[in-house]
Amino acid sequence: MRYVVGARGSRLSVAQTNWVISKLQNLDSDLEFVIKPIATKGDTDSRPIFAIDQKGIFEKEVDRAVAQKEVDFAVHSLKDIPSKLDPRLILACVPKREAVNDAFISLDGSTLESIRPGSVIGTSSLRRAVQISRKRPDVTVKPIRGNIETRIKKASGKDYDAIVLAKAGLSRLSVGVKHAILSTEDFSPSPGQGAIAIVAREGDLPTIKMLKSIEDEDSRLEIEAERALSDYVDSGCRFPIGAYAKSSGRETTLTVTAFSVDGKKSLQVTVSGPKNDPVSIGHNAGRKLQEKGIKYLALNWREKVEEWNKS
């Protein structure tokens with residue numbers, strides 16, 4: 001059986017897609033796959049990610065190709081997938097999740113704790129920017145774009161002294177650069193961070209069954225709790241919120257941290273529940289955040305985005 005797979009053309013996207021293909025072929029060596037690279041708005045728009053007023057900037061064009069039967073399924077970084085998909089599509093598979101942590105990279109080996117005051121640290125995420133500033137208010141945080149390799153090269157001391165990005169990307173690309181892992185206590189990850197999403201057409205049962213063969217149940221339930229939380233509070237790239245669900249036995253615990261855009265205020269809630277009901281866990285966390293006044297933390301984020309656009 002031959003499948004055409006949609007993916008962004010970046011090295012990371014292709015690496016993730018090849019990883020999925022290898023897992024599928026390990027179970028059935030007769031399967032054949034062809035990768036079709038597809039450019040997305042996120043690949044062609046040079047503005048900081050949180051300044052682009054559109055959800056799904058890294059997946060919409062790829063998923064449209066799935067819906068229109070130009071490709072059979074698509075492989076994404078799960079954190080790029082909106083909580084609501086095109087009704088013609090389904091999140092068919094979530095394989096085993098990678099580490100959810102962020103990583104700190106500086107070419108001189110400095111850590112976030114030891115880097116000199118006044119250093120410039122680059123990140124593509126407003127969530128990370130806020131958390132860096134909370135931890136080190138004496139450094140300057142600036143937006144950075146480009147693929148992982150480009151961002152690493154920019155941490156040369158000329159424009160940036162260090163960068164912060166997802167550890168999972170380094171692992172999937174087998175990048176050997178020295179880095180320090182940032183704890184999830186200090187750097188709450190983006191909902192879905194570290195996970196891969198495979199999207200297929202609703203009703204394409206043979207393809208869905210094939211993809212389900214590499215699904216990891218705990219990873220799926222954890223990200224469903226995080227996505228339910230995101231959907232409930234309508235969080236996105238521009239609103240600093242972190243969420244991390246972890247399963248143990250029959251229970252899943254979801255910890256959510258939200259920040260004001262200046263980083264001076266934060267809210268944190270932790271909710272546990274039966275892991276086979278992840279949506280309730282996410283919604284319960286959302287309700288607790290609303291009770292604690294999360295809407296007030298979202299005030300003035302537009303001004304912060306405009307400030308970063310001028311950086």
# chains A, B, ... in the order shown; residues from 1 in each chain; ligands from 1

$ select_by_dssp --residues "region 12-167 of chain A" --states "strand (DSSP E)" --output "ChimeraX atom specification"
/A:32-37,73-77,89-93,102-105,120-123,140-143,162-166

$ closest_atom_pairs --of "region 88-137 of chain A" --to "region 208-212 of chain A" --cutoff "12 Å" --atoms "only C-alpha atoms" --output "CSV"
residue,atom,partner,partner_atom,distance
A:Leu89,CA,A:Ile208,CA,10.8
A:Ile90,CA,A:Ile208,CA,8.8
A:Leu91,CA,A:Ile208,CA,9.2
A:Ala92,CA,A:Ile208,CA,5.7
A:Cys93,CA,A:Lys212,CA,5.5
A:Val94,CA,A:Lys212,CA,8.1
A:Pro95,CA,A:Lys212,CA,8.6
A:Lys96,CA,A:Lys212,CA,11.7

$ select_by_dssp --residues "region 26-242 of chain A" --states "alpha helix (DSSP H)" --output "ChimeraX atom specification"
/A:26-27,41-44,60-67,126-135,148-154,167-173,205-212,217-233

$ closest_residue --among "A:Arg220, A:His179, A:Arg127, A:Lys295" --to "Asp262 (chain A)" --atoms "only C-alpha atoms"
A:Arg127

$ atom_distance --atom1 "CA of Leu297 (chain A)" --atom2 "CA of Ile105 (chain A)"
29.2 Å

$ residues_around --residues "Leu267 (chain A)" --least-positions-apart "2" --cutoff "9 Å" --atoms "only C-alpha atoms" --output "VMD selection string"
chain A and resid 256 to 260 265 269 289 292 to 294 297

$ residues_around --residues "Trp19 (chain A)" --least-positions-apart "3" --cutoff "12 Å" --atoms "only C-alpha atoms" --output "list in words"
Leu12, Ser13, Val14, Ala15, Gln16, Ser22, Lys23, Leu24, Gln25, Asn26, Phe33, Ile35, Val75, His76, Pro95, Lys96, Ser171, Arg172, Leu173, Ile196, Ile198 and Ile214 of chain A

$ atom_distance --atom1 "CA of His283 (chain A)" --atom2 "CA of Asp63 (chain A)"
26.3 Å

$ closest_atom_pairs --of "region 147-216 of chain A" --to "region 5-11 of chain A" --cutoff "12 Å" --atoms "only C-alpha atoms" --output "JSON lines"
{"residue": "A:Asn147", "atom": "CA", "partner": "A:Ser10", "partner_atom": "CA", "distance": 7.2}
{"residue": "A:Ile148", "atom": "CA", "partner": "A:Arg11", "partner_atom": "CA", "distance": 8.7}
{"residue": "A:Glu149", "atom": "CA", "partner": "A:Arg11", "partner_atom": "CA", "distance": 9.1}
{"residue": "A:Thr150", "atom": "CA", "partner": "A:Arg11", "partner_atom": "CA", "distance": 11.2}
{"residue": "A:Gly169", "atom": "CA", "partner": "A:Arg11", "partner_atom": "CA", "distance": 10.0}
{"residue": "A:Leu170", "atom": "CA", "partner": "A:Arg11", "partner_atom": "CA", "distance": 11.3}
{"residue": "A:Arg172", "atom": "CA", "partner": "A:Arg11", "partner_atom": "CA", "distance": 9.7}
{"residue": "A:Leu173", "atom": "CA", "partner": "A:Arg11", "partner_atom": "CA", "distance": 7.6}
{"residue": "A:Ser174", "atom": "CA", "partner": "A:Arg11", "partner_atom": "CA", "distance": 11.2}
{"residue": "A:Val175", "atom": "CA", "partner": "A:Arg11", "partner_atom": "CA", "distance": 11.5}
{"residue": "A:Ile196", "atom": "CA", "partner": "A:Ala7", "partner_atom": "CA", "distance": 11.9}
{"residue": "A:Ala197", "atom": "CA", "partner": "A:Ala7", "partner_atom": "CA", "distance": 11.2}
{"residue": "A:Ile198", "atom": "CA", "partner": "A:Val5", "partner_atom": "CA", "distance": 9.8}
{"residue": "A:Val199", "atom": "CA", "partner": "A:Gly6", "partner_atom": "CA", "distance": 9.5}
{"residue": "A:Ala200", "atom": "CA", "partner": "A:Val5", "partner_atom": "CA", "distance": 9.9}
{"residue": "A:Thr207", "atom": "CA", "partner": "A:Val5", "partner_atom": "CA", "distance": 11.4}
{"residue": "A:Leu211", "atom": "CA", "partner": "A:Val5", "partner_atom": "CA", "distance": 11.9}

$ write_last_selection --atoms "N, CA and C atoms" --output "compact mmCIF listing (two decimals), in the first residue's frame"
# COMPACT_ATOMS: atom_id res chain seq x y z
N ASN A 147 14.32 28.46 11.40
CA ASN A 147 14.31 27.07 11.84
C ASN A 147 15.31 26.89 12.99
N ILE A 148 15.34 25.70 13.57
CA ILE A 148 16.17 25.47 14.75
C ILE A 148 17.64 25.76 14.47
N GLU A 149 18.14 25.28 13.34
CA GLU A 149 19.55 25.49 13.02
C GLU A 149 19.87 26.98 12.89
N THR A 150 18.97 27.73 12.25
CA THR A 150 19.18 29.17 12.08
C THR A 150 19.19 29.88 13.42
N GLY A 169 12.61 19.40 19.69
CA GLY A 169 13.14 19.69 18.37
C GLY A 169 14.60 19.31 18.24
N LEU A 170 15.38 19.58 19.29
CA LEU A 170 16.79 19.19 19.28
C LEU A 170 16.93 17.68 19.18
N ARG A 172 14.74 15.44 17.95
CA ARG A 172 14.28 14.87 16.68
C ARG A 172 15.24 15.17 15.54
N LEU A 173 15.97 16.27 15.65
CA LEU A 173 16.95 16.60 14.62
C LEU A 173 18.34 16.06 14.96
N SER A 174 18.47 15.45 16.14
CA SER A 174 19.77 14.95 16.61
C SER A 174 20.82 16.04 16.60
N VAL A 175 20.42 17.22 17.05
CA VAL A 175 21.34 18.36 17.12
C VAL A 175 22.22 18.17 18.35
N ILE A 196 3.69 14.66 18.70
CA ILE A 196 3.43 14.67 17.26
C ILE A 196 1.95 14.37 17.03
N ALA A 197 1.35 15.08 16.09
CA ALA A 197 -0.04 14.84 15.71
C ALA A 197 -0.10 14.34 14.28
N ILE A 198 -0.87 13.28 14.06
CA ILE A 198 -1.08 12.78 12.70
C ILE A 198 -2.56 12.96 12.37
N VAL A 199 -2.81 13.74 11.33
CA VAL A 199 -4.17 14.10 10.94
C VAL A 199 -4.57 13.34 9.67
N ALA A 200 -5.77 12.77 9.70
CA ALA A 200 -6.30 12.03 8.55
C ALA A 200 -7.72 12.49 8.26
N THR A 207 -6.92 3.96 6.68
CA THR A 207 -5.76 4.80 7.03
C THR A 207 -5.73 5.06 8.53
N LEU A 211 -2.70 4.11 11.17
CA LEU A 211 -2.03 5.11 11.99
C LEU A 211 -2.18 4.81 13.48

$ closest_atom_pairs --of "region 167-202 of chain A" --to "region 223-230 of chain A" --cutoff "12 Å" --atoms "only C-alpha atoms" --output "JSON lines"
{"residue": "A:Pro189", "atom": "CA", "partner": "A:Glu226", "partner_atom": "CA", "distance": 10.5}
{"residue": "A:Ser190", "atom": "CA", "partner": "A:Glu226", "partner_atom": "CA", "distance": 8.9}
{"residue": "A:Pro191", "atom": "CA", "partner": "A:Glu226", "partner_atom": "CA", "distance": 5.3}
{"residue": "A:Gly192", "atom": "CA", "partner": "A:Ile223", "partner_atom": "CA", "distance": 5.4}
{"residue": "A:Gln193", "atom": "CA", "partner": "A:Ile223", "partner_atom": "CA", "distance": 8.7}
{"residue": "A:Gly194", "atom": "CA", "partner": "A:Ile223", "partner_atom": "CA", "distance": 9.8}
{"residue": "A:Ala195", "atom": "CA", "partner": "A:Ile223", "partner_atom": "CA", "distance": 7.9}
{"residue": "A:Ile196", "atom": "CA", "partner": "A:Ile223", "partner_atom": "CA", "distance": 10.1}
{"residue": "A:Ala197", "atom": "CA", "partner": "A:Ile223", "partner_atom": "CA", "distance": 9.9}

$ write_last_selection --atoms "C-alpha atoms" --output "PDB file, in the first residue's frame"
ATOM      1  CA  PRO A 189       5.411  24.055  28.430  1.00  0.00           C
ATOM      2  CA  SER A 190       2.964  24.942  25.706  1.00  0.00           C
ATOM      3  CA  PRO A 191      -0.104  22.644  25.566  1.00  0.00           C
ATOM      4  CA  GLY A 192       0.861  19.686  23.364  1.00  0.00           C
ATOM      5  CA  GLN A 193       4.593  20.467  23.427  1.00  0.00           C
ATOM      6  CA  GLY A 194       6.788  17.465  22.645  1.00  0.00           C
ATOM      7  CA  ALA A 195       4.003  15.531  20.922  1.00  0.00           C
ATOM      8  CA  ILE A 196       3.430  14.671  17.260  1.00  0.00           C
ATOM      9  CA  ALA A 197      -0.036  14.841  15.708  1.00  0.00           C
TER      10      ALA A 197
END

$ atom_distance --atom1 "CA of Glu215 (chain A)" --atom2 "CA of Ala168 (chain A)"
17.7 Å

$ closest_residue --among "A:Leu107, A:Ala74, A:Ala67, A:Val164" --to "Pro87 (chain A)" --atoms "only C-alpha atoms"
A:Ala67

$ closest_atom_pairs --of "region 156-211 of chain A" --to "region 109-122 of chain A" --cutoff "6 Å" --atoms "only C-alpha atoms" --output "tab-separated table"
residue	atom	partner	partner_atom	distance
A:Tyr160	CA	A:Val120	CA	5.0
A:Asp161	CA	A:Val120	CA	5.3
A:Ala162	CA	A:Ile121	CA	4.8
A:Ile163	CA	A:Gly122	CA	4.5

$ write_last_selection --atoms "C-alpha atoms" --output "JSON list (two decimals), in the first residue's frame"
[["chain", "number", "residue", "atom", "x", "y", "z"],
["A", 160, "TYR", "CA", 21.67, 37.12, 20.67],
["A", 161, "ASP", "CA", 23.70, 35.72, 23.54],
["A", 162, "ALA", "CA", 21.40, 32.74, 24.01],
["A", 163, "ILE", "CA", 18.12, 31.23, 22.84]]

$ residues_around --residues "Lys246 (chain A)" --least-positions-apart "3" --cutoff "12 Å" --atoms "only C-alpha atoms" --output "JSON, numbers by chain"
{"A": [97, 99, 100, 184, 191, 192, 217, 218, 219, 220, 221, 222, 223, 224, 225, 226, 243, 249, 250, 251, 252, 253, 254, 255, 256, 270, 271, 272, 273, 274, 275, 278, 281]}
